[in-house]
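This report concerns only the one structure given below.
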Amino acid sequence: MSINDLMHKIVEFFNQRPHSQFNYKQVAHALGLKLPAQRQKIYEILATMAQQEFLIETTPGRFKRKDRGTRVVGTFERRNNGKNQVITEEGEEIFIAERNSMHALDGDIVEVYVSARRRHAEPEGEVTNIIKRADNTFVGILSVERQYAFLITDSKTLANDIFIPKNKLRGGKNGEKAVVRITEWPEHSKNPIGEVLDVLGEVGNNDTEMHAILAEFGLPYHYPENVEKAANKISEVINEDEIKRREDFRNITTFTIDPHDAKDFDDALSIRKLPSGLWEVGVHIADVTYYVQPGSIIDKEAEKRATSIYLVDRTIPMLPERLCNYICSLRPDEEKLSFSCIFHLDENANIKHSHIARTVIRSNRRYAYEEAQAVIEGADDEYRDEILTLNMLAQKLRKRRFENGSISFERQEVRFEIDEEGHPISVYFKVAKEANMLIEEFMLLANQTVAATVGNTPTGKKAKAFVYRVHDQPDPGKIDDLSTFVTRFGYRTRLRNNTKELSKNINKLMQEIKGRPEENLISTVAIRSMSKAIYTTDNIGHYGLGFEYYTHFTSPIRRYPDMMVHRLLDRYLNGGRSAVEQSLEAKCKHSSEMEQLAANAERASIKYKQVEFLQERLGEEFDGVISGITEWGFYVELDENKCEGLVPIRDLDDDYYDLDEKNYCLVGRRTHRTYQLGDPVRVVIANANLEKKQIDMALVKTLRK
């Protein structure tokens, strides 16, 4: 196809969809172009069309046809710096000055009148109607006077404190943290008016602060009593008729391998040698959906939560404790119901046969990862042969997976040792060893097998609606940036090539940086260059794993999509008709959003503990590496504990510094001194603000120039 023909088809594509926005991958997919070189050409044509003003680049990498009406509907994004905006249904960003906001709150659905656009200026508008209010709650500290009270917030979406009538305080006292909902914001009032929903407790108390983090992200920190009561009525006794309907694995060697502090055992592995000489490996997953019926009060709560949340010092479970830690958990020496993938493998881990079945199991032993690792490294154990065989098979599966295009990202995970009051006393790093990889490989195999069972249909036959875990190919621009970035450290790995070659080169880079000071930084930048994995009914494959079909089946105790997959799989294995795709997609979208919120809350809890940890180290010096560059300064990640803090640009008083975004550096106008991403530096801990979760550092010296 010539360039002119391609441009004609793209014009026709956007003309047929004048109100929608697309990225280059979506356009290429619609035109049936799959090769990386073809996608790259589409990307270049779209950029050219935006320059010619046939298209508008609504956000980086997303385009729509230029013409539009003067009134649009979108989601209001409020910012405490006054830079409010509305994101339209087509993805366009429209600036809204505070005077034109009608006091719309973050997340409100609004109607906007769009002003005539000035040449080379951003679109600007005025809110004319608030169509739907978001559920706006805020966390802050109460300031209580004799006649009135305020909630003092540190929210990024609200610059104004919230006025609270005395009769709406719910017993909250001066200086306590609370959750407040805005009830109204009169047109000519500077401050919104609100009511206290919950008093969290004293500032600095560990429970208070962890609950505050959850509340900031709109996540639950208590389990509803009526849901707990419903769970307590569920019997743990397994009906004998139910056992007869299932494949019986109770007399086959089975065990779980989990973190040492885990209580919810989602998965177990069984292994035995078959008369044929093959190894039978069973991947047994807790049969949660046997106990949780669709539409029940427990199911509705699980769907709303969508995921368990893992903060530094606690787990906020998706399911009530009776289910997640007792009835469903695959605890040792107890008969348990499971949904299983059974594999027959030869000595080279080639799958000769597999099937999926509902089963009953009895775990012989519960291992912590450390215990299983000790067996792999030579410790004696009654199930030593079984663990070593599983590890041998897992290592061969892993080797083949990377040969087929899987990408290896092994970032160090920061963990805190915490005392009884939740105070961090030391930092350690979680390292994945062979025992972790053993479990990972068999879980990946089960997830891949389940997805292919439903999705891999004969040519000409449409697959039934299903929940997939997908990961799109990376944006070429981000890969170019990553390639440029790693050259600053002396790495010459080529990162511009076809899909499989790119995976191979990234893996090569990850091997080269292993054990180097810049390992964590380059891994972080590489991960950021990748797309985000999401749940969807539209299967585009999983780029990072190199799988054509992939889903989440193995953790139904802590992820709602896995429960959805269990139900769909049972339905289809029994000859059921396809589920309604639109309904599934809505649940997928919600689950992806909740997963992101949970990850944000986890990061916030880690950041809080980092600040708390460094509060007692004010004035101490540390070596680190510049991990982020912004117009307000640069961030430094400390080598010793991976805590991150900011060296403010106001403290760099030897020159006036400009931000060079393209080259990831700050450059002095007079001295031309540069502070660049990846530079090693020595800093001193200057301040640690728990309320803002912020660490300020002062530069002592650069260690290499």
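Chain labels run A, B, ... following the order of the structure tokens; each chain numbers its residues from 1, and ligands are numbered from 1 in the order shown.
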In stretch 137-340 of chain A, what's helix (DSSP H, G or I) per DSSP? Answer as a PyMOL selection string?
-> chain A and resi 166-168+206-216+225-232+240-244+288-291+297-305+321-327
Residues from last step as file, N, CA and C atoms, as a tab-separated table (two decimals), in the first residue's frame:
chain	number	residue	atom	x	y	z
A	166	LYS	N	-20.73	22.91	63.32
A	166	LYS	CA	-20.42	22.20	64.57
A	166	LYS	C	-21.27	20.94	64.73
A	167	ASN	N	-22.51	20.96	64.20
A	167	ASN	CA	-23.38	19.78	64.35
A	167	ASN	C	-23.08	18.67	63.35
A	168	LYS	N	-22.04	18.87	62.53
A	168	LYS	CA	-21.66	17.86	61.55
A	168	LYS	C	-20.26	17.28	61.83
A	206	ASN	N	-0.26	4.90	63.94
A	206	ASN	CA	-0.07	4.08	62.75
A	206	ASN	C	-1.39	3.69	62.09
A	207	ASP	N	-2.36	3.23	62.88
A	207	ASP	CA	-3.66	2.84	62.31
A	207	ASP	C	-4.33	4.04	61.65
A	208	THR	N	-4.26	5.18	62.32
A	208	THR	CA	-4.86	6.40	61.76
A	208	THR	C	-4.26	6.71	60.39
A	209	GLU	N	-2.94	6.66	60.30
A	209	GLU	CA	-2.27	7.04	59.06
A	209	GLU	C	-2.52	6.04	57.93
A	210	MET	N	-2.54	4.75	58.26
A	210	MET	CA	-2.82	3.74	57.22
A	210	MET	C	-4.27	3.87	56.73
A	211	HIS	N	-5.21	4.10	57.66
A	211	HIS	CA	-6.61	4.29	57.26
A	211	HIS	C	-6.76	5.57	56.43
A	212	ALA	N	-5.97	6.60	56.79
A	212	ALA	CA	-6.03	7.86	56.04
A	212	ALA	C	-5.56	7.66	54.60
A	213	ILE	N	-4.52	6.86	54.41
A	213	ILE	CA	-4.02	6.58	53.05
A	213	ILE	C	-5.11	5.89	52.24
A	214	LEU	N	-5.76	4.89	52.83
A	214	LEU	CA	-6.83	4.18	52.12
A	214	LEU	C	-7.97	5.12	51.78
A	215	ALA	N	-8.35	5.96	52.75
A	215	ALA	CA	-9.46	6.89	52.52
A	215	ALA	C	-9.12	7.91	51.44
A	216	GLU	N	-7.87	8.34	51.36
A	216	GLU	CA	-7.45	9.29	50.33
A	216	GLU	C	-7.71	8.76	48.93
A	225	GLU	N	-20.17	-5.14	58.42
A	225	GLU	CA	-20.59	-6.15	59.39
A	225	GLU	C	-21.57	-7.14	58.79
A	226	ASN	N	-22.50	-6.65	57.94
A	226	ASN	CA	-23.51	-7.56	57.38
A	226	ASN	C	-22.89	-8.57	56.42
A	227	VAL	N	-21.78	-8.18	55.74
A	227	VAL	CA	-21.09	-9.12	54.85
A	227	VAL	C	-20.34	-10.17	55.67
A	228	GLU	N	-19.72	-9.72	56.77
A	228	GLU	CA	-19.04	-10.66	57.68
A	228	GLU	C	-20.05	-11.68	58.23
A	229	LYS	N	-21.23	-11.21	58.60
A	229	LYS	CA	-22.26	-12.10	59.15
A	229	LYS	C	-22.69	-13.13	58.11
A	230	ALA	N	-22.84	-12.68	56.86
A	230	ALA	CA	-23.23	-13.60	55.79
A	230	ALA	C	-22.16	-14.68	55.60
A	231	ALA	N	-20.89	-14.28	55.67
A	231	ALA	CA	-19.80	-15.24	55.51
A	231	ALA	C	-19.76	-16.23	56.67
A	232	ASN	N	-20.08	-15.75	57.87
A	232	ASN	CA	-20.03	-16.62	59.05
A	232	ASN	C	-21.09	-17.71	59.02
A	240	GLU	N	-20.65	-34.76	50.79
A	240	GLU	CA	-20.08	-35.97	50.19
A	240	GLU	C	-20.46	-36.10	48.72
A	241	ASP	N	-21.67	-35.66	48.36
A	241	ASP	CA	-22.09	-35.72	46.95
A	241	ASP	C	-21.22	-34.81	46.09
A	242	GLU	N	-20.82	-33.66	46.66
A	242	GLU	CA	-19.96	-32.73	45.91
A	242	GLU	C	-18.60	-33.36	45.66
A	243	ILE	N	-18.07	-34.07	46.62
A	243	ILE	CA	-16.78	-34.75	46.45
A	243	ILE	C	-16.86	-35.77	45.32
A	244	LYS	N	-17.96	-36.50	45.26
A	244	LYS	CA	-18.13	-37.54	44.22
A	244	LYS	C	-18.17	-36.94	42.82
A	288	VAL	N	-13.26	-20.61	45.07
A	288	VAL	CA	-14.00	-19.54	45.76
A	288	VAL	C	-15.45	-19.46	45.28
A	289	THR	N	-15.65	-19.60	43.97
A	289	THR	CA	-17.00	-19.38	43.42
A	289	THR	C	-17.97	-20.50	43.77
A	290	TYR	N	-17.48	-21.60	44.33
A	290	TYR	CA	-18.40	-22.62	44.86
A	290	TYR	C	-19.14	-22.05	46.07
A	291	TYR	N	-18.42	-21.21	46.84
A	291	TYR	CA	-18.99	-20.67	48.08
A	291	TYR	C	-19.63	-19.30	47.88
A	297	ILE	N	-24.60	-10.94	48.64
A	297	ILE	CA	-24.06	-9.77	49.33
A	297	ILE	C	-22.53	-9.84	49.39
A	298	ILE	N	-21.99	-11.07	49.52
A	298	ILE	CA	-20.53	-11.24	49.54
A	298	ILE	C	-19.94	-10.95	48.17
A	299	ASP	N	-20.62	-11.44	47.14
A	299	ASP	CA	-20.15	-11.23	45.76
A	299	ASP	C	-20.17	-9.75	45.39
A	300	LYS	N	-21.22	-9.05	45.78
A	300	LYS	CA	-21.33	-7.61	45.45
A	300	LYS	C	-20.21	-6.82	46.12
A	301	GLU	N	-19.89	-7.17	47.36
A	301	GLU	CA	-18.81	-6.47	48.07
A	301	GLU	C	-17.45	-6.78	47.42
A	302	ALA	N	-17.26	-8.05	47.03
A	302	ALA	CA	-16.01	-8.44	46.37
A	302	ALA	C	-15.86	-7.72	45.03
A	303	GLU	N	-16.96	-7.64	44.28
A	303	GLU	CA	-16.91	-6.96	42.98
A	303	GLU	C	-16.57	-5.48	43.15
A	304	LYS	N	-17.15	-4.86	44.16
A	304	LYS	CA	-16.89	-3.44	44.42
A	304	LYS	C	-15.41	-3.21	44.78
A	305	ARG	N	-14.87	-4.08	45.64
A	305	ARG	CA	-13.46	-3.95	46.05
A	305	ARG	C	-12.51	-4.36	44.92
A	321	GLU	N	-12.87	-12.51	56.19
A	321	GLU	CA	-11.79	-13.34	56.73
A	321	GLU	C	-12.16	-14.82	56.81
A	322	ARG	N	-13.40	-15.12	57.13
A	322	ARG	CA	-13.81	-16.53	57.25
A	322	ARG	C	-13.60	-17.27	55.92
A	323	LEU	N	-13.83	-16.58	54.82
A	323	LEU	CA	-13.63	-17.21	53.52
A	323	LEU	C	-12.16	-17.22	53.11
A	324	CYS	N	-11.51	-16.05	53.16
A	324	CYS	CA	-10.16	-15.94	52.59
A	324	CYS	C	-9.11	-16.66	53.42
A	325	ASN	N	-9.26	-16.68	54.73
A	325	ASN	CA	-8.23	-17.29	55.58
A	325	ASN	C	-8.58	-18.69	56.07
A	326	TYR	N	-9.85	-19.09	55.94
A	326	TYR	CA	-10.26	-20.38	56.51
A	326	TYR	C	-10.91	-21.30	55.47
A	327	ILE	N	-12.14	-21.00	55.09
A	327	ILE	CA	-12.90	-21.95	54.26
A	327	ILE	C	-12.25	-22.18	52.90
Test item: residues at most 10 Å from A:Arg170, only C-alpha atoms, excluding those fewer than 3 positions along its chain, as a list of chain:residue names = A:Lys166, A:Asn167, A:Lys173, A:Ala178, A:Glu195, A:Val196, A:Leu197, A:Asp198, A:Val199
Atoms to include: N, CA and C atoms. Write the selected residues as a compact mmCIF listing (two decimals), in the first residue's frame.
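Just written: result-v4.txt:
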# COMPACT_ATOMS: atom_id res chain seq x y z
N LYS A 166 -20.73 22.91 63.32
CA LYS A 166 -20.42 22.20 64.57
C LYS A 166 -21.27 20.94 64.73
N ASN A 167 -22.51 20.96 64.20
CA ASN A 167 -23.38 19.78 64.35
C ASN A 167 -23.08 18.67 63.35
N LYS A 173 -12.39 16.00 67.23
CA LYS A 173 -11.73 17.00 68.07
C LYS A 173 -10.61 17.69 67.31
N ALA A 178 -9.64 13.19 59.97
CA ALA A 178 -11.02 12.80 59.69
C ALA A 178 -11.24 12.69 58.19
N GLU A 195 -19.39 17.63 55.80
CA GLU A 195 -19.74 16.93 57.04
C GLU A 195 -18.73 15.81 57.26
N VAL A 196 -18.45 15.52 58.53
CA VAL A 196 -17.52 14.46 58.89
C VAL A 196 -18.20 13.10 58.69
N LEU A 197 -17.56 12.23 57.94
CA LEU A 197 -18.06 10.87 57.77
C LEU A 197 -17.46 9.92 58.78
N ASP A 198 -16.17 10.14 59.10
CA ASP A 198 -15.49 9.25 60.04
C ASP A 198 -14.32 9.98 60.67
N VAL A 199 -14.15 9.79 61.96
CA VAL A 199 -12.99 10.33 62.66
C VAL A 199 -11.96 9.21 62.74
May I have the residues within 12 Å of A:Glu501 as JSON, numbers by chain, using only C-alpha atoms and disregarding those fewer than 5 positions away in the same chain?
-> {"A": [36, 402, 403, 404, 405, 406, 407, 493, 494, 495, 496, 506, 507, 508, 546]}
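If you look at atom CA of A:Ala134 and atom CA of A:Ile162, they are 16.5 Å away from each other.
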Which residues, written as a ChimeraX atom specification, have at least one atom at most 12 Å from A:Arg673, with only C-alpha atoms counted and residues fewer than 3 positions away on the same chain left out?
-> /A:652,654-658,665-670,676,702,705
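Take atom CA of A:Met102 and atom CA of A:Ile141: the distance between them is 26.0 Å.
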Which residues of stretch 375-410 of chain A have any atom within 12 Å of an atom in stretch 511-514 of chain A when counting only C-alpha atoms, and what is the closest pair of atoms for each, with the distance in Å to one decimal? Order the rows by chain and rising number and write it as CSV.
residue,atom,partner,partner_atom,distance
A:Ile407,CA,A:Gln511,CA,11.2
A:Ser408,CA,A:Gln511,CA,9.0
A:Phe409,CA,A:Gln511,CA,9.8
A:Glu410,CA,A:Lys514,CA,9.3
Now that the selection is made, can you save its residues with N, CA and C atoms as a compact mmCIF listing (two decimals), in the first residue's frame?
# COMPACT_ATOMS: atom_id res chain seq x y z
N ILE A 407 9.73 -11.03 28.70
CA ILE A 407 10.70 -10.02 29.16
C ILE A 407 10.90 -10.18 30.65
N SER A 408 12.14 -10.05 31.10
CA SER A 408 12.48 -10.22 32.52
C SER A 408 12.71 -8.86 33.18
N PHE A 409 11.80 -8.49 34.07
CA PHE A 409 11.99 -7.30 34.91
C PHE A 409 12.06 -7.77 36.36
N GLU A 410 13.21 -7.60 37.00
CA GLU A 410 13.35 -8.05 38.38
C GLU A 410 13.81 -6.89 39.25
May I ask for the distance between atom CA of A:Ser296 and atom CA of A:Val470, given in Å to one decimal place?
-> 28.7 Å
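Counting only C-alpha atoms, the residue from A:Leu677, A:Cys588, A:Leu445, A:Ile285 that sits nearest to A:Val486 is A:Leu677.
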